[in-house]
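A short write-up of the structure that comes next.
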Amino acid sequence: MPAAKPSATIRYTGMRVLIFVGCFFVAGVAVHFGVLPSGVGGSNAVWVILLGLLLSAPLSYVLLRKQRDEMSEQLVSKVDRTKARLEANRSREDSVAR
């Protein structure tokens, strides 16, 4: 029995999280060794998280274009199927009411 194909949304989200974790690690190492400035006072963890987000956003935008398109296609097809089902139900109700 072949394995089920994972949802495009789950795949995209997982890859996005992995890119963030990688950027978070790189930012943490860069701050630790003084390549990037550290946060003020006790805000170092928040600073590293913000740096990780800042680095991962454009990388995700460029690197995950294919996965984002797959996710969009999957969502559009689900919405179209739902609209078709609603229209079929509505037309059945109209024919029964007449």
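Every chain in the structure tokens has a letter given in the order shown (A, B, ...), and although residue numbers restart at 1 in each chain, ligands are simply numbered from 1 in the order shown.
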
Neighbour list for region 59-70 of chain A as a VMD selection string, cut-off 9 Å, only C-alpha atoms, skip fewer than 6 positions in-chain: chain A and resid 8 to 9 11 to 12 15 to 16 19 to 20

Quick one: pick out all helix (DSSP H, G or I) residues within chain A from a backbone DSSP run and write them as a ChimeraX atom specification. /A:8-32,44-63,65-97

Please, what distance in Å, to one decimal, runs between CA of Arg85 (chain A) and CA of Ile10 (chain A)? 25.0 Å

Which residues are near Leu36 (chain A)? Cut-off 8 Å, only C-alpha atoms, ignore same chain within fewer than 5 positions. Put them as an MDAnalysis selection string. chainID A and resid 27 30:31

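Note that the spacing between CA of Asn44 (chain A) and CA of Val17 (chain A) amounts to 20.8 Å.
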
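Relative to CA of Ala45 (chain A), CA of Gly22 (chain A) is found at 15.3 Å.
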